[in-house]
Structure formats: structure tokens, C-alpha cells
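Heads up, protein-v5.cif below (mmCIF, C-alpha atoms):
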```
data_entry
loop_
_atom_site.label_atom_id
_atom_site.label_comp_id
_atom_site.auth_asym_id
_atom_site.auth_seq_id
_atom_site.Cartn_x
_atom_site.Cartn_y
_atom_site.Cartn_z
CA MET O 55 121.25 82.56 102.87
CA ALA O 56 122.73 85.95 103.50
CA GLN O 57 125.74 84.86 101.49
CA THR O 58 123.82 83.99 98.37
CA LYS O 59 121.98 87.29 98.55
CA THR O 60 125.23 89.20 98.72
CA THR O 61 126.66 87.54 95.66
CA SER O 62 123.52 87.66 93.52
CA HIS O 63 123.14 91.42 93.79
CA SER O 64 126.03 93.40 92.47
CA GLY O 65 124.34 96.72 93.22
CA THR O 66 124.59 99.13 96.08
CA SER O 67 122.54 97.06 98.45
CA ALA O 68 125.04 94.23 98.60
CA ALA O 69 124.95 93.92 102.37
CA ALA O 70 122.71 91.22 103.72
CA GLN O 71 119.49 92.96 104.63
CA GLU O 72 116.71 91.84 106.82
CA ALA O 73 113.19 92.48 105.71
CA THR O 74 112.31 95.64 107.58
CA ILE O 75 109.37 97.98 107.74
CA GLY O 76 111.31 101.10 108.70
CA SER O 77 110.27 103.69 111.25
CA GLY O 78 108.98 106.12 108.62
CA THR O 79 106.84 103.52 106.89
CA ARG O 80 103.14 102.78 107.19
CA VAL O 81 101.61 99.68 105.68
CA ARG O 82 97.88 99.14 105.34
CA GLY O 83 96.89 95.71 104.16
CA ARG O 84 98.05 92.13 104.22
CA VAL O 85 101.66 91.25 104.87
CA SER O 86 102.70 87.66 104.24
CA GLY O 87 105.84 85.67 103.52
CA ASP O 88 108.24 82.88 104.41
CA GLY O 89 111.05 84.89 105.95
CA ASP O 90 111.58 86.92 109.08
CA LEU O 91 110.32 90.46 109.40
CA VAL O 92 111.24 93.41 111.59
CA ILE O 93 108.66 96.15 112.08
CA LEU O 94 109.83 99.55 113.30
CA GLY O 95 107.04 101.49 111.61
CA GLN O 96 103.28 101.07 111.50
CA VAL O 97 101.34 98.14 110.15
CA GLU O 98 97.57 97.97 109.99
CA GLY O 99 96.01 94.85 108.56
CA GLU O 100 96.96 91.24 108.77
CA ILE O 101 100.35 89.57 109.18
CA THR O 102 101.01 85.97 108.22
CA MET O 103 104.65 84.87 108.24
CA ARG O 104 106.34 81.51 108.30
CA GLY O 105 109.34 83.06 110.01
CA ASP O 106 109.84 85.18 113.08
CA LEU O 107 108.38 88.62 113.62
CA THR O 108 110.01 91.36 115.64
CA ILE O 109 108.09 94.47 116.57
CA GLY O 110 110.85 96.84 117.59
CA GLN O 111 110.67 99.79 119.93
CA GLY O 112 108.52 102.44 118.28
CA GLY O 113 106.89 99.86 116.03
CA SER O 114 103.12 99.83 116.06
CA VAL O 115 101.03 96.98 114.79
CA THR O 116 97.24 96.82 114.64
CA SER O 117 96.48 93.41 113.24
CA ASN O 118 96.07 89.77 113.95
CA VAL O 119 99.39 88.02 113.65
CA GLU O 120 100.20 84.46 112.62
CA VAL O 121 103.90 83.68 112.81
CA ARG O 122 106.49 81.23 114.10
CA GLY O 123 108.10 83.24 116.89
CA ILE O 124 107.31 86.80 117.88
CA GLU O 125 109.27 89.33 119.86
CA ILE O 126 107.39 92.46 120.89
CA ALA O 127 109.08 95.62 122.15
CA GLY O 128 106.69 98.09 120.54
CA SER O 129 102.93 98.20 120.59
CA LEU O 130 100.58 95.55 119.31
CA GLU O 131 96.82 95.48 119.15
CA GLY O 132 95.50 92.17 117.90
CA ASP O 133 95.60 88.46 118.49
CA VAL O 134 98.77 86.46 118.08
CA ASN O 135 98.89 82.86 116.98
CA ALA O 136 102.50 81.70 117.13
CA SER O 137 103.80 78.21 116.50
CA GLY O 138 106.96 79.19 118.36
CA ASP O 139 107.65 81.43 121.31
CA VAL O 140 106.05 84.73 122.24
CA HIS O 141 108.25 87.24 124.01
CA ILE O 142 106.82 90.51 125.27
CA SER O 143 109.73 92.72 126.24
CA SER O 144 109.99 95.55 128.69
CA GLY O 145 108.38 98.71 127.34
CA ALA O 146 105.98 96.84 125.08
CA ARG O 147 102.26 97.60 125.05
CA VAL O 148 100.14 94.67 124.00
CA ARG O 149 96.39 94.23 123.82
CA GLY O 150 95.10 90.93 122.49
CA ASP O 151 95.11 87.20 122.99
CA MET O 152 98.43 85.39 122.76
CA ARG O 153 98.87 81.80 121.73
CA GLY O 154 102.28 80.19 121.52
CA ALA O 155 104.54 77.30 122.48
CA GLN O 156 106.03 79.42 125.24
CA ILE O 157 105.05 82.89 126.37
CA ALA O 158 107.28 85.26 128.29
CA ILE O 159 106.34 88.70 129.59
CA ASP O 160 109.17 90.86 130.86
CA GLU O 161 108.92 93.26 133.74
CA GLY O 162 107.88 96.69 132.50
CA ALA O 163 105.68 95.36 129.73
CA GLU O 164 102.00 96.29 129.55
CA PHE O 165 99.67 93.49 128.60
CA ALA O 166 95.92 93.10 128.40
CA GLY O 167 94.50 89.89 127.02
CA ARG O 168 94.50 86.13 127.35
CA LEU O 169 97.41 83.77 127.29
CA ASP O 170 96.94 80.37 125.72
CA CYS O 171 99.82 77.97 125.93
CA ASP O 172 99.77 74.16 125.76
CA PHE O 173 102.10 72.35 128.09
CA GLU O 174 102.29 69.26 130.27
CA LEU O 175 101.61 69.92 133.90
CA PRO O 176 104.29 68.59 136.24
CA ALA O 177 103.36 65.17 137.68
CA GLU O 178 102.75 66.47 141.21
CA LEU O 179 100.23 69.03 139.96
CA GLN O 180 98.48 66.53 137.74
CA SER O 181 97.93 64.07 140.58
CA SER O 182 96.46 66.76 142.85
CA ARG O 183 93.64 67.50 140.42
CA MET S 541 119.18 103.07 109.74
CA ALA S 542 116.05 104.56 108.36
CA SER S 543 115.34 102.21 105.55
CA THR S 544 112.57 99.83 104.62
CA VAL S 545 113.38 96.52 103.01
CA ILE S 546 110.58 94.36 101.64
CA GLY S 547 112.54 91.11 101.62
CA ALA S 548 112.46 88.45 98.93
CA GLY S 549 109.97 86.22 100.72
CA ILE S 550 107.58 89.00 101.66
CA THR S 551 104.31 89.92 100.02
CA ILE S 552 102.38 93.06 100.87
CA GLU S 553 98.87 93.48 99.58
CA GLY S 554 97.73 96.97 100.30
CA GLU S 555 99.15 100.39 100.68
CA VAL S 556 102.71 101.23 101.65
CA ALA S 557 103.48 104.83 102.54
CA THR S 558 106.92 105.82 103.68
CA ASP S 559 109.36 108.62 104.42
CA ASP S 560 112.27 106.15 104.29
CA ASP S 561 114.33 104.79 101.46
CA VAL S 562 112.65 101.64 100.18
CA ILE S 563 114.22 98.51 98.76
CA VAL S 564 111.83 95.96 97.30
CA GLN S 565 113.05 92.40 96.81
CA GLY S 566 109.65 90.76 97.33
CA THR S 567 106.17 91.55 96.13
CA ILE S 568 103.93 94.58 96.57
CA ARG S 569 100.37 94.71 95.26
CA GLY S 570 98.49 97.91 95.81
CA LYS S 571 100.16 101.26 96.16
CA LEU S 572 103.65 102.45 97.01
CA ASN S 573 104.01 106.05 98.14
CA ALA S 574 107.54 107.07 99.02
CA LYS S 575 109.29 110.37 99.59
CA GLU S 576 112.85 109.15 99.14
CA SER S 577 114.57 106.69 96.85
CA VAL S 578 112.89 103.48 95.70
CA THR S 579 114.86 100.46 94.54
CA ILE S 580 113.05 97.59 92.87
CA GLU S 581 115.59 94.80 92.80
CA GLU S 582 115.97 91.87 90.48
CA GLY S 583 113.36 89.25 91.32
CA ALA S 584 110.97 91.75 92.86
CA THR S 585 107.41 92.12 91.61
CA VAL S 586 105.47 95.33 92.05
CA GLU S 587 101.90 95.53 90.85
CA ALA S 588 101.24 99.02 92.01
CA ASP S 589 101.45 102.66 91.13
CA ILE S 590 104.69 104.00 92.52
CA VAL S 591 105.35 107.55 93.64
CA GLY S 592 108.72 108.55 95.04
CA GLY S 593 112.12 110.15 94.65
CA ALA S 594 114.96 108.62 92.67
CA MET S 595 114.04 105.16 91.41
CA ARG S 596 116.14 102.27 90.28
CA VAL S 597 114.20 99.42 88.73
CA ALA S 598 115.73 96.02 87.98
CA GLY S 599 112.64 93.92 88.70
CA GLN S 600 109.13 93.75 87.37
CA VAL S 601 106.72 96.65 87.67
CA THR S 602 103.14 96.74 86.46
CA GLY S 603 101.81 100.19 87.19
CA ASN S 604 102.55 103.82 86.70
CA ILE S 605 105.78 105.26 88.01
CA SER S 606 106.05 108.88 89.04
CA SER S 607 109.28 110.29 90.40
CA THR S 608 110.22 113.74 91.65
CA ASP S 609 113.80 113.02 90.61
CA ARG S 610 114.88 110.32 88.18
CA VAL S 611 113.99 106.84 87.02
CA ASP S 612 116.59 104.30 85.93
CA LEU S 613 115.35 101.15 84.24
CA GLN S 614 118.21 98.71 84.50
CA PRO S 615 119.01 95.60 82.46
CA GLY S 616 116.49 92.89 83.33
CA ALA S 617 113.82 95.37 84.34
CA LYS S 618 110.34 94.77 82.98
CA VAL S 619 108.03 97.73 83.24
CA VAL S 620 104.48 97.96 81.94
CA GLY S 621 103.04 101.36 82.70
CA ASN S 622 103.68 105.03 82.27
CA VAL S 623 106.78 106.70 83.62
CA LYS S 624 106.80 110.33 84.70
CA ALA S 625 110.09 111.87 85.79
CA ALA S 626 112.41 114.73 84.91
CA ARG S 627 115.21 112.33 83.99
CA ILE S 628 114.82 108.80 82.67
CA THR S 629 117.26 106.18 81.54
CA ILE S 630 116.34 102.88 79.94
CA ALA S 631 119.29 100.54 79.86
CA ASP S 632 120.02 98.02 77.14
CA GLY S 633 118.22 94.87 78.20
CA ALA S 634 115.40 96.62 80.02
CA GLN S 635 111.89 95.92 78.79
CA PHE S 636 109.46 98.80 78.80
CA LYS S 637 105.92 99.29 77.55
CA GLY S 638 104.20 102.56 78.25
CA ASN S 639 104.45 106.29 77.90
CA VAL S 640 107.28 108.50 79.02
CA ASP S 641 106.49 111.93 80.37
CA MET S 642 109.55 114.06 81.07
CA ASP S 643 107.48 117.14 81.75
CA VAL S 644 108.97 119.27 78.95
#
```
Could you take the file, read its structure, and then write that structure out as C-alpha cells?
Amino acid sequence: MAQTKTTSHSGTSAAAQEATIGSGTRVRGRVSGDGDLVILGQVEGEITMRGDLTIGQGGSVTSNVEVRGIEIAGSLEGDVNASGDVHISSGARVRGDMRGAQIAIDEGAEFAGRLDCDFELPAELQSSR
Amino acid sequence: MASTVIGAGITIEGEVATDDDVIVQGTIRGKLNAKESVTIEEGATVEADIVGGAMRVAGQVTGNISSTDRVDLQPGAKVVGNVKAARITIADGAQFKGNVDMDV
């Protein structure tokens, strides 16, 4: 996909670029799309993506998020509904309910909220209930 | 890399304010307030008033454009709205409907 982009644009921005909300950018409103998105700036509103979302260090998001996978290293206030994995990295500050196929919280991350994750209990735990 | 890229599959409905360079390949509806350069690429749709520095437009813009520097409407661009800038070029193949204000 990056290849086709490079060839279709003959201009200055020929390099394959990820969709990015840069560190000096503030967005207020709805953000939606099919691709991946990296947020290094501020977003206030609602995010609905069919791809993966990365909230980088310094990124600040105040919104409910519906995505495939999400990687959080910045701050997030809002509920996450992910069809893929949720990864809260070290240094992240998260307040909200997380729902995902798998959820990981690294050491050094701050988190306040609920985790909701469907999985099969191992057989030995199931039998003990 | 202080740059904001609104990728081809991305739609923003609302207000975008930025100190970065902005490249739009997707869709923005609302407002775009930039301090640096703004590039509206081929295939992009902007239904918003745009304020910023140097602007290069090759996509579709419906809204007023105001630049502190220059505006270049490139071949394939389709702009409906007023353009205010000190320097303006409209390339052969660009479509434009609106007023030009070069602040003379």
C-alpha cells in the first residue's frame, strides 16, 4: 500500500506517510477512517477507526475510542472498545473502561477503570467453579 | 518530525488547529487552522475554511482559503470559495470558483 502511494504522488511528499496527528495539532470533533492512526497531539471528541490506533508519548486523547488494536503511551480519558489488542505502555495515563481481545498493562503505566476481556478459562479453573 | 498527516482513509469532522505542517490526503469537514504550510493532496476533500501559511492545493476544497504567504492551485485542484493571499497561482487544469483577494 505504501508503494502505490509513493508512485501516485509525484510531489514533495513522496515518502510513505502514516496518518499522524502531530504534536502541535489539536483536533476537536469526530475522527473516523479505515486506516491506522498515530496521535502525538491532542484529540477531543470521538475516534472510530477500522485500523490500529497509537497514542504516542505526549499524545493526549479525551474521547471514546472504537478501533481494532490500540497502543497507548500517552494519556487517554475515555472508554476503549477494541476488536484487537489493547496495550497500555509504561508512562501511559489512562482513565476509562477497556474492552479488547487481549489487554496488557506495562509496569509504570497508570490506569483507572475496568477491564473487559472475553476468554476461555483454563479447564482446571472451570471445573473448580 | 513535526508534521500532521490526515491519511487517505481518515475523516475528521470538527476543528483542526495546528502549529505543524499539515498534509491532507483524506477528508476534513469543519475548520482547519494552521500556522505553517498546508498541503491538500490529490484525492483529498476539505469542506472547511482554511487558514494557514503557504498552501498547495491539488485536491478538492469547498470553503474560504486564507494564507499569510501564498496559495498554489495545482492541476486537478477544485476550489469553490474565496482565496485571500499575497501571492496566488492557478495552474492550467485547476478549477476555481470564487473571489481572489491579493490585498492590494
Please write as an mmCIF file with C-alpha atoms, in the coordinates of the input the list of polymer residues whose atoms come within 10 Å of (100.7, 93.1, 96.4), counting only C-alpha atoms and keeping to the coordinates of the file.
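out_32.cif written:
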```
data_model
loop_
_atom_site.group_PDB
_atom_site.id
_atom_site.type_symbol
_atom_site.label_atom_id
_atom_site.label_comp_id
_atom_site.auth_asym_id
_atom_site.auth_seq_id
_atom_site.Cartn_x
_atom_site.Cartn_y
_atom_site.Cartn_z
ATOM 1 C CA GLY O 83 96.890 95.710 104.160
ATOM 2 C CA ARG O 84 98.050 92.130 104.220
ATOM 3 C CA VAL O 85 101.660 91.250 104.870
ATOM 4 C CA SER O 86 102.700 87.660 104.240
ATOM 5 C CA ILE S 550 107.580 89.000 101.660
ATOM 6 C CA THR S 551 104.310 89.920 100.020
ATOM 7 C CA ILE S 552 102.380 93.060 100.870
ATOM 8 C CA GLU S 553 98.870 93.480 99.580
ATOM 9 C CA GLY S 554 97.730 96.970 100.300
ATOM 10 C CA GLU S 555 99.150 100.390 100.680
ATOM 11 C CA VAL S 556 102.710 101.230 101.650
ATOM 12 C CA GLY S 566 109.650 90.760 97.330
ATOM 13 C CA THR S 567 106.170 91.550 96.130
ATOM 14 C CA ILE S 568 103.930 94.580 96.570
ATOM 15 C CA ARG S 569 100.370 94.710 95.260
ATOM 16 C CA GLY S 570 98.490 97.910 95.810
ATOM 17 C CA LYS S 571 100.160 101.260 96.160
ATOM 18 C CA LEU S 572 103.650 102.450 97.010
ATOM 19 C CA THR S 585 107.410 92.120 91.610
ATOM 20 C CA VAL S 586 105.470 95.330 92.050
ATOM 21 C CA GLU S 587 101.900 95.530 90.850
ATOM 22 C CA ALA S 588 101.240 99.020 92.010
#
```
Query raised in the report: Do you know which residues the PyMOL selection byres ((chain S) within 12 of (chain O)) returns on this file, as a ChimeraX atom specification?
Result: /S:541-576,578-583,596-599,614
CA of Ile126 (chain O) to CA of Cys171 (chain O) measures 17.1 Å
- Report as a PyMOL selection string the full result of the PyMOL selection byres ((chain O and resi 133-143) around 8) when it is applied to this structure. chain O and resi 117-127+131-132+144-146+148-163
Applying the PyMOL selection byres ((chain S and resi 604) around 7) to the file I just gave you, which residues come out? Please list them as a PyMOL selection string. chain S and resi 589-590+603+605-606+621-623
Around (107.5, 114.2, 87.2) in the file's frame, which residues reach within 12 Å when counting only C-alpha atoms? Return as a PDB file with C-alpha atoms, in the coordinates of the input?
```pdb
ATOM      1  CA  ILE S 590     104.690 104.000  92.520  1.00  0.00           C
ATOM      2  CA  VAL S 591     105.350 107.550  93.640  1.00  0.00           C
ATOM      3  CA  GLY S 592     108.720 108.550  95.040  1.00  0.00           C
ATOM      4  CA  GLY S 593     112.120 110.150  94.650  1.00  0.00           C
ATOM      5  CA  ALA S 594     114.960 108.620  92.670  1.00  0.00           C
ATOM      6  CA  MET S 595     114.040 105.160  91.410  1.00  0.00           C
ATOM      7  CA  ASN S 604     102.550 103.820  86.700  1.00  0.00           C
ATOM      8  CA  ILE S 605     105.780 105.260  88.010  1.00  0.00           C
ATOM      9  CA  SER S 606     106.050 108.880  89.040  1.00  0.00           C
ATOM     10  CA  SER S 607     109.280 110.290  90.400  1.00  0.00           C
ATOM     11  CA  THR S 608     110.220 113.740  91.650  1.00  0.00           C
ATOM     12  CA  ASP S 609     113.800 113.020  90.610  1.00  0.00           C
ATOM     13  CA  ARG S 610     114.880 110.320  88.180  1.00  0.00           C
ATOM     14  CA  VAL S 611     113.990 106.840  87.020  1.00  0.00           C
ATOM     15  CA  ASN S 622     103.680 105.030  82.270  1.00  0.00           C
ATOM     16  CA  VAL S 623     106.780 106.700  83.620  1.00  0.00           C
ATOM     17  CA  LYS S 624     106.800 110.330  84.700  1.00  0.00           C
ATOM     18  CA  ALA S 625     110.090 111.870  85.790  1.00  0.00           C
ATOM     19  CA  ALA S 626     112.410 114.730  84.910  1.00  0.00           C
ATOM     20  CA  ARG S 627     115.210 112.330  83.990  1.00  0.00           C
ATOM     21  CA  ILE S 628     114.820 108.800  82.670  1.00  0.00           C
ATOM     22  CA  VAL S 640     107.280 108.500  79.020  1.00  0.00           C
ATOM     23  CA  ASP S 641     106.490 111.930  80.370  1.00  0.00           C
ATOM     24  CA  MET S 642     109.550 114.060  81.070  1.00  0.00           C
ATOM     25  CA  ASP S 643     107.480 117.140  81.750  1.00  0.00           C
ATOM     26  CA  VAL S 644     108.970 119.270  78.950  1.00  0.00           C
TER      27      VAL S 644
END
```
* What is the CA of Gly633 (chain S)-CA of Thr602 (chain S) distance in Å, reported with one decimal? ->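 Computing it gives 17.3 Å between the two atoms.
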Enclose all atoms of region 150-163 of chain O listed in the file in an axis-aligned box, grow every side by 5 Å, and hand back centre and edge lengths in Å to one decimal, as AutoDock Vina command-line options.
```
--center_x 102.1 --center_y 87.0 --center_z 127.6 --size_x 24.1 --size_y 29.4 --size_z 22.2
```
Pairwise distance, CA of Gln180 (chain O) with CA of Arg168 (chain O), equals 22.5 Å
Nearby residues (only C-alpha atoms) at most 10 Å from Asp632 (chain S), same-chain spacing under 4 positions excluded, as a VMD selection string: chain S and resid 613 to 617
